[in-house]
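Participant: Next up, structure_27.txt (compact mmCIF, C-alpha atoms and all ligand atoms).
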```txt
# COMPACT_ATOMS: atom_id res chain seq x y z
CA MET A 180 80.57 -129.23 59.23
CA ARG A 181 76.99 -130.34 59.74
CA ALA A 182 74.07 -127.98 59.13
CA PHE A 183 70.38 -128.24 59.93
CA ILE A 184 67.86 -126.17 57.94
CA THR A 185 64.20 -125.55 58.60
CA GLY A 186 62.20 -124.13 55.70
CA VAL A 187 64.25 -125.86 52.98
CA GLY A 188 61.14 -125.97 50.77
CA GLY A 189 61.08 -122.19 50.39
CA GLN A 190 62.96 -119.86 48.10
CA ASP A 191 65.73 -119.12 50.63
CA GLY A 192 65.98 -122.69 51.88
CA SER A 193 66.71 -123.97 48.40
CA TYR A 194 69.47 -121.41 47.77
CA LEU A 195 70.90 -122.02 51.23
CA ALA A 196 71.01 -125.81 50.72
CA GLU A 197 72.78 -125.29 47.39
CA GLN A 198 75.34 -122.96 48.97
CA LEU A 199 76.07 -125.23 51.95
CA ILE A 200 76.36 -128.36 49.78
CA ALA A 201 78.76 -126.48 47.48
CA ASP A 202 80.78 -125.59 50.62
CA GLY A 203 81.09 -129.31 51.41
CA ALA A 204 78.75 -129.32 54.44
CA GLU A 205 76.63 -132.29 55.48
CA VAL A 206 73.17 -130.77 55.22
CA HIS A 207 70.09 -132.01 57.06
CA ALA A 208 66.69 -130.42 56.55
CA LEU A 209 63.25 -130.63 58.02
CA VAL A 210 60.32 -131.13 55.62
CA ARG A 211 56.62 -131.49 56.31
CA SER A 212 55.27 -134.75 54.95
CA ALA A 213 52.27 -132.93 53.43
CA ASP A 214 54.53 -130.68 51.35
CA GLY A 215 56.12 -133.45 49.23
CA PRO A 216 59.72 -133.21 48.03
CA PRO A 217 61.09 -129.66 48.35
CA PRO A 218 61.56 -127.99 44.96
CA PHE A 219 65.13 -127.10 43.86
CA CYS A 220 66.60 -129.00 46.84
CA PRO A 221 69.96 -130.65 46.00
CA PRO A 222 69.79 -134.47 46.20
CA GLU A 223 72.66 -134.55 48.74
CA VAL A 224 70.45 -132.97 51.41
CA ARG A 225 69.26 -135.46 54.04
CA LEU A 226 65.58 -134.87 54.57
CA HIS A 227 63.77 -135.49 57.86
CA THR A 228 60.00 -135.43 58.10
CA GLY A 229 58.44 -133.30 60.82
CA ASP A 230 56.95 -129.95 61.68
CA VAL A 231 58.50 -127.05 63.58
CA THR A 232 55.34 -126.69 65.65
CA GLU A 233 55.92 -130.16 67.20
CA HIS A 234 58.47 -129.00 69.72
CA ASP A 235 59.37 -132.32 71.38
CA ALA A 236 59.92 -134.12 68.08
CA LEU A 237 61.92 -131.15 66.82
CA ARG A 238 64.18 -131.30 69.86
CA ARG A 239 64.70 -135.07 69.45
CA LEU A 240 65.59 -134.60 65.80
CA LEU A 241 68.06 -131.83 66.63
CA PHE A 242 69.75 -134.11 69.15
CA ASP A 243 69.91 -136.94 66.56
CA VAL A 244 71.43 -134.72 63.89
CA ALA A 245 73.68 -132.79 66.34
CA PRO A 246 74.46 -129.97 63.89
CA ASP A 247 77.16 -127.32 64.22
CA GLU A 248 74.94 -124.80 62.44
CA VAL A 249 71.18 -124.27 62.62
CA TYR A 250 69.39 -122.12 60.04
CA ASN A 251 65.81 -121.31 61.02
CA LEU A 252 64.04 -120.33 57.81
CA ALA A 253 60.70 -122.06 58.41
CA ALA A 254 57.89 -119.52 58.31
CA VAL A 255 54.51 -118.70 56.96
CA SER A 256 56.12 -116.19 54.63
CA SER A 257 53.20 -114.09 53.50
CA VAL A 258 52.30 -110.91 55.39
CA ALA A 259 48.94 -110.87 53.59
CA ARG A 260 48.11 -114.42 54.77
CA SER A 261 49.06 -113.56 58.37
CA TRP A 262 45.88 -111.50 58.72
CA GLN A 263 43.81 -114.59 57.91
CA GLU A 264 45.71 -117.05 60.13
CA PRO A 265 47.39 -115.09 62.94
CA GLU A 266 47.53 -118.04 65.33
CA LEU A 267 49.27 -120.34 62.86
CA VAL A 268 51.71 -117.57 62.03
CA ARG A 269 52.48 -117.00 65.72
CA ASN A 270 53.10 -120.74 66.19
CA VAL A 271 55.33 -121.18 63.15
CA ASN A 272 57.13 -117.85 62.91
CA GLY A 273 57.38 -117.13 66.63
CA ASP A 274 56.96 -120.00 69.10
CA ALA A 275 58.73 -122.61 66.94
CA ALA A 276 61.80 -120.38 66.61
CA VAL A 277 61.96 -120.01 70.39
CA ALA A 278 61.61 -123.79 70.82
CA LEU A 279 64.40 -124.41 68.31
CA MET A 280 66.73 -122.00 70.12
CA ASP A 281 65.95 -123.75 73.42
CA ALA A 282 66.73 -127.10 71.79
CA ALA A 283 70.00 -125.76 70.32
CA LEU A 284 71.05 -124.51 73.77
CA ALA A 285 70.17 -127.86 75.35
CA LEU A 286 72.12 -129.73 72.66
CA GLN A 287 75.14 -127.51 73.19
CA GLU A 288 74.98 -128.07 76.95
CA SER A 289 74.66 -131.84 76.58
CA THR A 290 77.47 -132.35 74.04
CA GLY A 291 79.78 -129.50 75.01
CA SER A 292 80.15 -128.66 71.29
CA PRO A 293 79.16 -125.15 70.23
CA VAL A 294 76.02 -124.77 68.13
CA ARG A 295 75.55 -121.66 66.00
CA PHE A 296 72.06 -120.43 65.19
CA VAL A 297 70.70 -117.97 62.66
CA GLN A 298 67.16 -116.67 62.65
CA ALA A 299 65.71 -115.40 59.36
CA SER A 300 64.15 -112.22 60.71
CA SER A 301 62.32 -109.60 58.72
CA ALA A 302 62.03 -105.87 58.14
CA GLU A 303 58.39 -106.34 59.19
CA ILE A 304 59.57 -106.32 62.85
CA PHE A 305 59.90 -102.54 62.43
CA GLY A 306 56.24 -102.16 61.46
CA SER A 307 55.70 -98.70 59.94
CA PRO A 308 58.98 -97.11 61.03
CA SER A 309 59.17 -93.36 61.51
CA THR A 310 62.79 -93.24 60.32
CA ALA A 311 64.42 -94.35 57.09
CA PRO A 312 66.68 -96.14 56.48
CA GLN A 313 66.23 -98.57 59.35
CA ASP A 314 69.18 -100.25 61.05
CA GLU A 315 69.84 -102.62 63.96
CA SER A 316 68.94 -99.88 66.49
CA THR A 317 65.52 -99.09 64.99
CA PRO A 318 62.76 -99.85 67.53
CA VAL A 319 60.99 -103.18 67.09
CA SER A 320 57.34 -102.21 66.69
CA PRO A 321 55.42 -104.58 64.40
CA THR A 322 52.04 -103.68 62.92
CA ASN A 323 50.81 -106.99 61.50
CA PRO A 324 50.62 -110.60 62.78
CA TYR A 325 53.57 -111.66 60.62
CA GLY A 326 55.80 -108.92 62.04
CA GLU A 327 54.59 -109.62 65.55
CA ALA A 328 55.61 -113.29 65.36
CA LYS A 329 58.95 -112.46 63.70
CA ALA A 330 59.55 -109.88 66.46
CA LEU A 331 58.99 -112.52 69.12
CA ALA A 332 61.64 -114.74 67.51
CA HIS A 333 63.98 -111.78 66.96
CA LEU A 334 63.87 -110.78 70.63
CA ALA A 335 64.37 -114.41 71.67
CA VAL A 336 67.67 -114.40 69.74
CA SER A 337 69.10 -111.72 72.06
CA GLN A 338 67.88 -113.72 75.02
CA ALA A 339 69.46 -116.95 73.71
CA ARG A 340 72.74 -115.06 73.26
CA VAL A 341 72.66 -114.00 76.90
CA ARG A 342 72.18 -117.68 77.79
CA GLY A 343 75.30 -118.64 75.81
CA LEU A 344 74.10 -119.54 72.32
CA HIS A 345 75.99 -118.11 69.34
CA ALA A 346 72.73 -116.79 67.90
CA VAL A 347 72.25 -114.21 65.16
CA SER A 348 69.18 -112.52 63.78
CA ALA A 349 69.41 -111.52 60.12
CA ILE A 350 66.84 -108.78 59.56
CA LEU A 351 66.07 -109.48 55.94
CA TYR A 352 64.40 -106.93 53.70
CA ASN A 353 62.35 -108.18 50.75
CA HIS A 354 64.45 -110.50 48.61
CA GLU A 355 63.31 -112.06 45.40
CA SER A 356 64.18 -114.52 42.64
CA PRO A 357 62.47 -116.64 39.98
CA ARG A 358 61.79 -119.12 42.83
CA ARG A 359 59.52 -116.65 44.61
CA PRO A 360 55.87 -117.77 44.70
CA THR A 361 53.34 -115.58 42.86
CA THR A 362 51.72 -114.63 46.17
CA PHE A 363 54.50 -112.01 46.43
CA VAL A 364 54.08 -108.87 44.41
CA THR A 365 57.39 -109.17 42.54
CA ARG A 366 56.70 -112.57 41.06
CA LYS A 367 53.02 -111.80 40.58
CA ILE A 368 54.13 -108.87 38.45
CA THR A 369 56.92 -110.62 36.53
CA SER A 370 54.86 -113.75 35.79
CA THR A 371 51.83 -111.70 34.70
CA VAL A 372 53.93 -109.36 32.56
CA ALA A 373 55.51 -112.41 30.89
CA ALA A 374 52.03 -113.83 30.28
CA ILE A 375 50.89 -110.49 28.77
CA ALA A 376 54.01 -110.43 26.54
CA ARG A 377 53.15 -113.94 25.31
CA GLY A 378 49.52 -112.97 24.72
CA ASP A 379 48.25 -115.28 27.49
CA ALA A 380 46.91 -112.54 29.82
CA ASP A 381 45.54 -109.05 29.32
CA GLU A 382 45.67 -107.39 32.72
CA LEU A 383 47.71 -107.03 35.89
CA VAL A 384 45.55 -106.42 38.98
CA LEU A 385 47.28 -104.86 42.00
CA GLY A 386 46.61 -103.34 45.42
CA ASN A 387 48.82 -100.65 46.96
CA VAL A 388 51.21 -99.57 44.20
CA GLU A 389 52.60 -96.65 46.25
CA ALA A 390 54.24 -98.90 48.90
CA HIS A 391 58.03 -98.56 48.95
CA ARG A 392 60.11 -101.68 49.47
CA ASP A 393 63.83 -102.42 49.48
CA TRP A 394 64.04 -105.39 47.09
CA GLY A 395 67.20 -107.46 46.76
CA TRP A 396 68.37 -110.73 45.20
CA ALA A 397 67.55 -113.77 47.37
CA PRO A 398 70.86 -115.69 46.93
CA ASP A 399 72.70 -112.60 48.25
CA TYR A 400 70.54 -112.63 51.41
CA VAL A 401 71.19 -116.33 51.98
CA ASP A 402 74.92 -115.65 51.67
CA ALA A 403 74.57 -112.87 54.26
CA MET A 404 72.96 -115.33 56.69
CA VAL A 405 75.84 -117.80 56.28
CA ARG A 406 78.41 -115.05 56.78
CA ALA A 407 76.54 -113.69 59.82
CA LEU A 408 76.36 -117.12 61.45
CA ARG A 409 80.07 -117.81 60.86
CA HIS A 410 81.32 -114.41 62.06
CA PRO A 411 83.18 -114.73 65.38
CA VAL A 412 80.92 -112.12 67.02
CA ALA A 413 77.25 -113.07 67.37
CA GLN A 414 75.19 -109.97 66.63
CA ASP A 415 72.18 -108.94 64.54
CA TYR A 416 72.40 -107.59 61.01
CA VAL A 417 70.13 -105.63 58.72
CA VAL A 418 70.39 -107.18 55.25
CA ALA A 419 69.14 -104.78 52.58
CA THR A 420 70.21 -102.95 49.44
CA GLY A 421 69.59 -99.47 50.88
CA GLU A 422 67.49 -98.54 47.83
CA SER A 423 63.74 -98.19 48.00
CA HIS A 424 61.36 -98.41 45.06
CA THR A 425 57.60 -98.32 44.74
CA VAL A 426 55.49 -101.20 43.50
CA ARG A 427 54.70 -98.88 40.57
CA ASP A 428 58.45 -98.66 39.75
CA LEU A 429 58.56 -102.45 39.78
CA VAL A 430 55.69 -102.66 37.31
CA HIS A 431 57.44 -100.19 35.02
CA GLU A 432 60.76 -102.11 35.20
CA ALA A 433 59.05 -105.43 34.51
CA PHE A 434 57.15 -104.20 31.44
CA THR A 435 60.29 -102.49 30.17
CA ALA A 436 62.25 -105.74 30.58
CA ALA A 437 59.56 -107.51 28.54
CA GLY A 438 59.76 -104.83 25.79
CA ILE A 439 56.29 -103.34 26.45
CA ASP A 440 56.14 -99.50 26.55
CA ASP A 441 52.41 -98.74 26.74
CA TRP A 442 52.11 -100.70 29.99
CA GLU A 443 49.65 -98.49 31.88
CA ARG A 444 46.69 -99.83 29.91
CA TYR A 445 47.29 -103.34 31.28
CA VAL A 446 47.28 -102.33 34.98
CA ARG A 447 44.09 -102.26 37.08
CA LEU A 448 43.91 -101.36 40.77
CA ASP A 449 41.61 -103.36 43.04
CA PRO A 450 40.85 -101.99 46.54
CA ASP A 451 40.17 -105.57 47.73
CA LEU A 452 43.94 -106.17 47.49
CA LEU A 453 44.74 -103.38 49.97
CA ARG A 454 45.86 -104.57 53.44
CA PRO A 455 44.52 -103.47 56.84
CA THR A 456 47.94 -101.87 57.47
CA ASP A 457 50.89 -101.65 55.10
CA ALA A 458 54.32 -100.16 55.82
CA ALA A 459 54.73 -97.14 53.56
CA VAL A 460 58.52 -97.08 53.27
CA LEU A 461 60.83 -99.94 54.16
CA VAL A 462 64.49 -99.34 53.37
CA GLY A 463 67.42 -100.82 55.25
CA ASP A 464 70.90 -99.60 56.17
CA SER A 465 73.14 -102.66 55.89
CA GLY A 466 76.29 -100.78 56.94
CA ARG A 467 77.07 -103.26 59.70
CA ALA A 468 76.79 -106.27 57.37
CA ARG A 469 78.93 -104.53 54.77
CA GLU A 470 81.67 -103.65 57.26
CA ALA A 471 81.71 -106.71 59.52
CA LEU A 472 80.84 -109.40 56.97
CA GLY A 473 82.27 -107.90 53.77
CA TRP A 474 78.79 -108.40 52.32
CA ALA A 475 77.29 -106.40 49.46
CA PRO A 476 74.35 -106.99 47.14
CA THR A 477 75.40 -108.31 43.73
CA LYS A 478 72.31 -107.26 41.74
CA THR A 479 70.60 -103.89 41.33
CA PHE A 480 66.83 -103.52 41.51
CA SER A 481 66.59 -103.41 37.70
CA ALA A 482 68.75 -106.52 37.38
CA VAL A 483 66.61 -108.45 39.90
CA VAL A 484 63.41 -107.58 38.01
CA ALA A 485 65.01 -108.30 34.62
CA ALA A 486 66.26 -111.73 35.80
CA MET A 487 62.79 -112.62 37.05
CA VAL A 488 61.05 -111.47 33.86
CA ALA A 489 63.59 -113.38 31.75
CA ALA A 490 62.96 -116.56 33.77
CA ASP A 491 59.19 -116.11 33.45
CA LEU A 492 59.45 -115.54 29.70
CA GLU A 493 61.33 -118.84 29.25
P1 LIG B 501 55.81 -108.18 51.86
O1 LIG B 501 56.46 -106.81 51.85
O2 LIG B 501 56.62 -109.20 52.56
O3 LIG B 501 54.39 -108.14 52.30
O4 LIG B 501 55.85 -108.66 50.31
P2 LIG B 501 54.74 -108.62 49.16
O5 LIG B 501 55.48 -108.88 47.90
O6 LIG B 501 53.59 -109.54 49.45
O7 LIG B 501 54.17 -107.12 49.19
C1 LIG B 501 55.01 -106.02 48.92
C2 LIG B 501 54.16 -104.76 48.78
O8 LIG B 501 53.39 -104.85 47.58
C3 LIG B 501 53.14 -104.54 49.91
O9 LIG B 501 53.16 -103.17 50.27
C4 LIG B 501 51.80 -104.89 49.26
O10 LIG B 501 50.69 -104.18 49.82
C5 LIG B 501 52.06 -104.41 47.84
N1 LIG B 501 51.14 -104.98 46.84
C6 LIG B 501 50.41 -104.27 45.95
N2 LIG B 501 49.66 -105.09 45.20
C7 LIG B 501 49.92 -106.36 45.63
C8 LIG B 501 49.45 -107.64 45.21
O11 LIG B 501 48.64 -107.79 44.31
N3 LIG B 501 49.98 -108.73 45.87
C9 LIG B 501 50.92 -108.59 46.88
N4 LIG B 501 51.41 -109.69 47.47
N5 LIG B 501 51.34 -107.39 47.28
C10 LIG B 501 50.86 -106.29 46.68
```
Re-express the file's structure as structure tokens.
Facilitator:
Amino acid sequence: MRAFITGVGGQDGSYLAEQLIADGAEVHALVRSADGPPPFCPPEVRLHTGDVTEHDALRRLLFDVAPDEVYNLAAVSSVARSWQEPELVRNVNGDAAVALMDAALALQESTGSPVRFVQASSAEIFGSPSTAPQDESTPVSPTNPYGEAKALAHLAVSQARVRGLHAVSAILYNHESPRRPTTFVTRKITSTVAAIARGDADELVLGNVEAHRDWGWAPDYVDAMVRALRHPVAQDYVVATGESHTVRDLVHEAFTAAGIDDWERYVRLDPDLLRPTDAAVLVGDSGRAREALGWAPTKTFSAVVAAMVAADLE
């Protein structure tokens, strides 16, 4: 079993590499030279330097590695940043995914060996959905540049399937861990709360605290991607806990986990942190993943937040 991962330097890439190495796979991964060694990446992973936006080089590398499984996790992962750099986000999150699927199809045709492909898609493809919870039949209707690019890649997965690739789109809802960068609200909150508990900070500044998100545990979502890719039927899956909480709930949970009760005095709202558009309620129905893949989240919302606060307190 030989796997190829893009985005190994991110939270999910690191957990995925660990899981595949533990499974006994030969794991190859693409890294950008500018990024330096990927954090948390197991030493067994064979690293190749390159960039997903260089389509010809990417195709050559895929032919050299000749993987059985391709995991496309490379992305500009911040919705907030996508407003500042929409073109980059379209290139990395959209066009590169399409190029990689084309390369996987070409590889499969040239060797005659099947190649399986999983695309790390996102709840942001649904934009501001009018129904909750969302599932695989919810209309794709993105409302920010990040969602738009992820939607392009998501739709290309169906197209690649028609052309004969065993391709799967895993529509991932927010998923977190101590490896999440502080640009995401979860880790921003848990790291700041830990700093307040230690006496190193005295306020937590936030934007929209009324947004509802469906937050799960990142290693569970990586496991769902592996299961989805290896299932005999190639189809798309919503991966979510099915529970929605507000950013405010998250703040409360984090302070509680750090043993601070009078938390409201530490929180300040800053309108500069509000986004041009922001989905009000994202919550996913992962019924298909649960039934077809035997998948279920292993950590509750409170447990995810507590694990992150504990790691930040260490
Ligand atoms: P996203 O759902 O992929 O954009 O993940 P984020 O963790 O970046 O944002 C989750 C939600 O938290 C969004 O609705 C944000 O508007 C909201 N939010 C509120 N304050 C902040 C903040 O200070 N930073 C971030 N990143 N998000 C914030």
Participant: So which one's closest to A:Gln198, A:Trp442, A:Phe363, A:Tyr400, A:Phe480? Using only C-alpha atoms, please.
Facilitator: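 Closest to A:Gln198 of all the choices is A:Tyr400.
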Participant: Can you tell me, as a ChimeraX atom specification, what residues are no more than 12 Å from A:Arg181 when counting all atoms listed in the file, ignoring any on the same chain fewer than 2 positions away?
Facilitator: /A:183-184,196,199-200,202-208,224-225,241,243-250,293-295
Participant: Quick one: residues within 7 Å of ligand LIG 501 (chain B), with only C-alpha atoms and all ligand atoms, as a list in words?
Facilitator: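 So, counting only C-alpha atoms and all ligand atoms, the residues near ligand LIG 501 (chain B) are Ser257, Val258, Ala259, Asn353, Thr362, Phe363, Val364, Thr365, Lys367, Val384, Leu385, Gly386, Asn387, Val388, Ala390, His391, Arg392, Val426, Leu452, Leu453, Arg454, Asp457 and Ala458 of chain A.
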Participant: For A:Ala253, find every residue with an atom within 10 Å (counting only C-alpha atoms), except residues of its own chain fewer than 5 positions away, and show them as a PyMOL selection string.
Facilitator: chain A and resi 184-189+191-192+209-210+230-231+271-272+275-276+298-299
Participant: Write the residues of the selection above to a file with C-alpha atoms, as an mmCIF file, in the frame of the given file.
Facilitator:
```cif
data_model
loop_
_atom_site.group_PDB
_atom_site.id
_atom_site.type_symbol
_atom_site.label_atom_id
_atom_site.label_comp_id
_atom_site.auth_asym_id
_atom_site.auth_seq_id
_atom_site.Cartn_x
_atom_site.Cartn_y
_atom_site.Cartn_z
ATOM 1 C CA ILE A 184 67.860 -126.170 57.940
ATOM 2 C CA THR A 185 64.200 -125.550 58.600
ATOM 3 C CA GLY A 186 62.200 -124.130 55.700
ATOM 4 C CA VAL A 187 64.250 -125.860 52.980
ATOM 5 C CA GLY A 188 61.140 -125.970 50.770
ATOM 6 C CA GLY A 189 61.080 -122.190 50.390
ATOM 7 C CA ASP A 191 65.730 -119.120 50.630
ATOM 8 C CA GLY A 192 65.980 -122.690 51.880
ATOM 9 C CA LEU A 209 63.250 -130.630 58.020
ATOM 10 C CA VAL A 210 60.320 -131.130 55.620
ATOM 11 C CA ASP A 230 56.950 -129.950 61.680
ATOM 12 C CA VAL A 231 58.500 -127.050 63.580
ATOM 13 C CA VAL A 271 55.330 -121.180 63.150
ATOM 14 C CA ASN A 272 57.130 -117.850 62.910
ATOM 15 C CA ALA A 275 58.730 -122.610 66.940
ATOM 16 C CA ALA A 276 61.800 -120.380 66.610
ATOM 17 C CA GLN A 298 67.160 -116.670 62.650
ATOM 18 C CA ALA A 299 65.710 -115.400 59.360
#
```
Participant: At most 9 Å from (65.5, -112.4, 37.1), file frame, all atoms listed in the file: which residues, as a list of chain:residue names?
Facilitator: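 Taken together, the residues in range are A:Glu355, A:Ser356, A:Pro357, A:Thr369, A:Trp396, A:Ala482, A:Val483, A:Val484, A:Ala485, A:Ala486, A:Met487, A:Val488, A:Ala489, A:Ala490, A:Asp491.
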Participant: To one decimal place, how far is atom CA of A:Asp449 from atom CA of A:Ala436 in Å?
Facilitator: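 Computing it gives 24.2 Å between the two atoms.
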